[in-house]
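Engineer: Structure provided below as structure tokens; questions to follow.
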Amino acid sequence: MNENELSYKIIGVAIDLHRNIGAGLLESVYEHALAYDLKEMGLQVAQQVAMPFNYKGVHMDVGYRIDLLVNNSVIVELKSVEIVAPVHFSQTLTYLKLSEKKLALLINFNTPVLKDGIHRIVNNL
């Protein structure tokens, strides 16, 4: 399954989750529930994946963590905020570049209609 097909499955599961539990919960609640649902679909899901940073050839563990990595190909960054800020897009793009992945979904669950909170971010490698 390619990244686009996988992203559509992730989005469908996220929309269903949002319909069931709504907005206003902590990001960690959405993370665990989404991971559970995706695993139930038979997808491989890693949570809180450490994202190391290399600077001048030195490996540094500086605390960057990807919320979800699905099938080792699509990054899912989750938010539960009033407004998705430019820094959230920058953070997600940085994760794409550091991990050399092609596609990420930035999903803000704190919206009345989840489709308004879903953003696809592409790394042009």
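By convention here, the chains of the structure tokens are called A, B, ... in the order presented, each chain's residues are numbered starting at 1, and ligands are numbered starting at 1 in the order presented.
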Name the residues in contact with region 51-66 of chain A at a cut-off of 8 Å, using only C-alpha atoms, excluding same-chain residues fewer than 2 positions from it; report them as a ChimeraX atom specification.

Structural biologist: /A:47-49,68-69,75-77,95,98-99

Engineer: Which neighbours of region 101-111 of chain A fall inside 9 Å, counting only C-alpha atoms, when residues of the same chain fewer than 4 positions from it are skipped, and could you give them as a PyMOL selection string?

Structural biologist: chain A and resi 3-4+7+10-11+14+18+22-25+27+30+72-84+88-89+92-93+95-97+115-125

Engineer: Measure the distance from CA of Leu114 (chain A) to CA of Ile15 (chain A) in Å and round it to one decimal.

Structural biologist: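 Going from CA of Leu114 (chain A) over to CA of Ile15 (chain A) covers 6.0 Å.
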
Engineer: What is the distance, in Å and to one decimal place, between CA of Leu6 (chain A) and CA of Glu31 (chain A)?

Structural biologist: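 According to the coordinates, CA of Leu6 (chain A) and CA of Glu31 (chain A) are separated by 17.1 Å.
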
Engineer: Based on DSSP run over this structure's backbone, return all residues of chain A in alpha helix (DSSP H), as an NGL selection string.

Structural biologist: :A and (3-21 or 27-40 or 86-99)

Engineer: Print the selection's residues with N, CA and C atoms to a file, as a tab-separated table (two decimals), in the first residue's frame.

Structural biologist:
chain	number	residue	atom	x	y	z
A	3	GLU	N	1.83	5.47	0.17
A	3	GLU	CA	1.57	6.49	1.20
A	3	GLU	C	0.19	7.13	1.05
A	4	ASN	N	-0.23	7.39	-0.19
A	4	ASN	CA	-1.53	8.03	-0.39
A	4	ASN	C	-2.68	7.13	0.04
A	5	GLU	N	-2.62	5.85	-0.34
A	5	GLU	CA	-3.67	4.91	0.07
A	5	GLU	C	-3.70	4.78	1.59
A	6	LEU	N	-2.52	4.72	2.18
A	6	LEU	CA	-2.43	4.61	3.63
A	6	LEU	C	-2.99	5.86	4.32
A	7	SER	N	-2.68	7.01	3.76
A	7	SER	CA	-3.16	8.26	4.37
A	7	SER	C	-4.69	8.34	4.34
A	8	TYR	N	-5.31	7.85	3.28
A	8	TYR	CA	-6.78	7.85	3.22
A	8	TYR	C	-7.37	6.94	4.30
A	9	LYS	N	-6.73	5.80	4.54
A	9	LYS	CA	-7.20	4.91	5.61
A	9	LYS	C	-7.06	5.59	6.97
A	10	ILE	N	-5.92	6.23	7.21
A	10	ILE	CA	-5.68	6.92	8.48
A	10	ILE	C	-6.71	8.02	8.69
A	11	ILE	N	-6.95	8.80	7.64
A	11	ILE	CA	-7.93	9.90	7.73
A	11	ILE	C	-9.32	9.34	8.04
A	12	GLY	N	-9.71	8.26	7.39
A	12	GLY	CA	-11.02	7.66	7.64
A	12	GLY	C	-11.17	7.22	9.09
A	13	VAL	N	-10.13	6.60	9.62
A	13	VAL	CA	-10.16	6.15	11.01
A	13	VAL	C	-10.21	7.35	11.95
A	14	ALA	N	-9.44	8.39	11.65
A	14	ALA	CA	-9.43	9.60	12.49
A	14	ALA	C	-10.79	10.27	12.51
A	15	ILE	N	-11.43	10.34	11.35
A	15	ILE	CA	-12.77	10.96	11.28
A	15	ILE	C	-13.76	10.15	12.10
A	16	ASP	N	-13.70	8.84	11.99
A	16	ASP	CA	-14.59	7.98	12.78
A	16	ASP	C	-14.35	8.16	14.28
A	17	LEU	N	-13.08	8.23	14.66
A	17	LEU	CA	-12.73	8.46	16.07
A	17	LEU	C	-13.30	9.79	16.55
A	18	HIS	N	-13.14	10.84	15.76
A	18	HIS	CA	-13.64	12.17	16.13
A	18	HIS	C	-15.16	12.16	16.27
A	19	ARG	N	-15.83	11.45	15.37
A	19	ARG	CA	-17.29	11.35	15.45
A	19	ARG	C	-17.73	10.67	16.74
A	20	ASN	N	-16.93	9.70	17.18
A	20	ASN	CA	-17.28	8.94	18.38
A	20	ASN	C	-16.98	9.67	19.68
A	21	ILE	N	-15.85	10.37	19.76
A	21	ILE	CA	-15.49	10.98	21.05
A	21	ILE	C	-15.47	12.50	21.04
A	27	GLU	N	-4.44	15.60	23.69
A	27	GLU	CA	-3.79	15.00	22.53
A	27	GLU	C	-3.47	13.53	22.78
A	28	SER	N	-3.02	13.21	23.98
A	28	SER	CA	-2.63	11.83	24.28
A	28	SER	C	-3.80	10.86	24.17
A	29	VAL	N	-5.00	11.31	24.47
A	29	VAL	CA	-6.19	10.46	24.34
A	29	VAL	C	-6.40	10.09	22.87
A	30	TYR	N	-6.33	11.10	22.00
A	30	TYR	CA	-6.49	10.85	20.57
A	30	TYR	C	-5.38	9.95	20.04
A	31	GLU	N	-4.17	10.17	20.52
A	31	GLU	CA	-3.04	9.36	20.07
A	31	GLU	C	-3.26	7.88	20.38
A	32	HIS	N	-3.60	7.58	21.61
A	32	HIS	CA	-3.78	6.18	22.00
A	32	HIS	C	-4.99	5.55	21.31
A	33	ALA	N	-6.07	6.29	21.21
A	33	ALA	CA	-7.27	5.76	20.57
A	33	ALA	C	-7.04	5.54	19.07
A	34	LEU	N	-6.38	6.49	18.41
A	34	LEU	CA	-6.11	6.34	16.98
A	34	LEU	C	-5.15	5.17	16.74
A	35	ALA	N	-4.12	5.06	17.56
A	35	ALA	CA	-3.19	3.94	17.43
A	35	ALA	C	-3.92	2.62	17.59
A	36	TYR	N	-4.80	2.54	18.57
A	36	TYR	CA	-5.57	1.32	18.80
A	36	TYR	C	-6.39	0.96	17.57
A	37	ASP	N	-7.14	1.94	17.05
A	37	ASP	CA	-8.01	1.68	15.89
A	37	ASP	C	-7.21	1.27	14.66
A	38	LEU	N	-6.07	1.92	14.44
A	38	LEU	CA	-5.24	1.59	13.28
A	38	LEU	C	-4.66	0.18	13.41
A	39	LYS	N	-4.25	-0.19	14.62
A	39	LYS	CA	-3.74	-1.55	14.84
A	39	LYS	C	-4.85	-2.59	14.62
A	40	GLU	N	-6.07	-2.24	15.03
A	40	GLU	CA	-7.20	-3.15	14.83
A	40	GLU	C	-7.46	-3.38	13.34
A	86	PRO	N	1.78	28.08	12.56
A	86	PRO	CA	2.84	27.78	11.58
A	86	PRO	C	3.94	26.89	12.14
A	87	VAL	N	4.24	27.01	13.42
A	87	VAL	CA	5.29	26.18	14.03
A	87	VAL	C	4.91	24.69	13.98
A	88	HIS	N	3.64	24.36	14.02
A	88	HIS	CA	3.21	22.97	13.94
A	88	HIS	C	3.51	22.38	12.55
A	89	PHE	N	3.30	23.20	11.52
A	89	PHE	CA	3.63	22.77	10.17
A	89	PHE	C	5.14	22.60	10.02
A	90	SER	N	5.89	23.55	10.56
A	90	SER	CA	7.36	23.49	10.49
A	90	SER	C	7.88	22.26	11.21
A	91	GLN	N	7.34	21.99	12.39
A	91	GLN	CA	7.75	20.82	13.17
A	91	GLN	C	7.50	19.54	12.38
A	92	THR	N	6.34	19.43	11.78
A	92	THR	CA	5.99	18.22	11.03
A	92	THR	C	6.88	18.07	9.81
A	93	LEU	N	7.15	19.14	9.10
A	93	LEU	CA	8.04	19.08	7.94
A	93	LEU	C	9.46	18.70	8.38
A	94	THR	N	9.90	19.20	9.52
A	94	THR	CA	11.22	18.82	10.04
A	94	THR	C	11.27	17.34	10.32
A	95	TYR	N	10.22	16.77	10.91
A	95	TYR	CA	10.17	15.33	11.16
A	95	TYR	C	10.27	14.55	9.85
A	96	LEU	N	9.58	15.03	8.82
A	96	LEU	CA	9.66	14.38	7.52
A	96	LEU	C	11.09	14.38	7.00
A	97	LYS	N	11.73	15.53	7.09
A	97	LYS	CA	13.10	15.64	6.57
A	97	LYS	C	14.07	14.80	7.37
A	98	LEU	N	14.00	14.84	8.70
A	98	LEU	CA	14.92	14.08	9.54
A	98	LEU	C	14.74	12.57	9.35
A	99	SER	N	13.50	12.15	9.13
A	99	SER	CA	13.23	10.72	8.99
A	99	SER	C	13.32	10.25	7.54

Engineer: When DSSP works through the backbone of this structure, what residues of chain A end up as strand (DSSP E or B), shown as a ChimeraX atom specification?

Structural biologist: /A:45-50,53-55,58-60,65-70,74-79,103-108,118-122
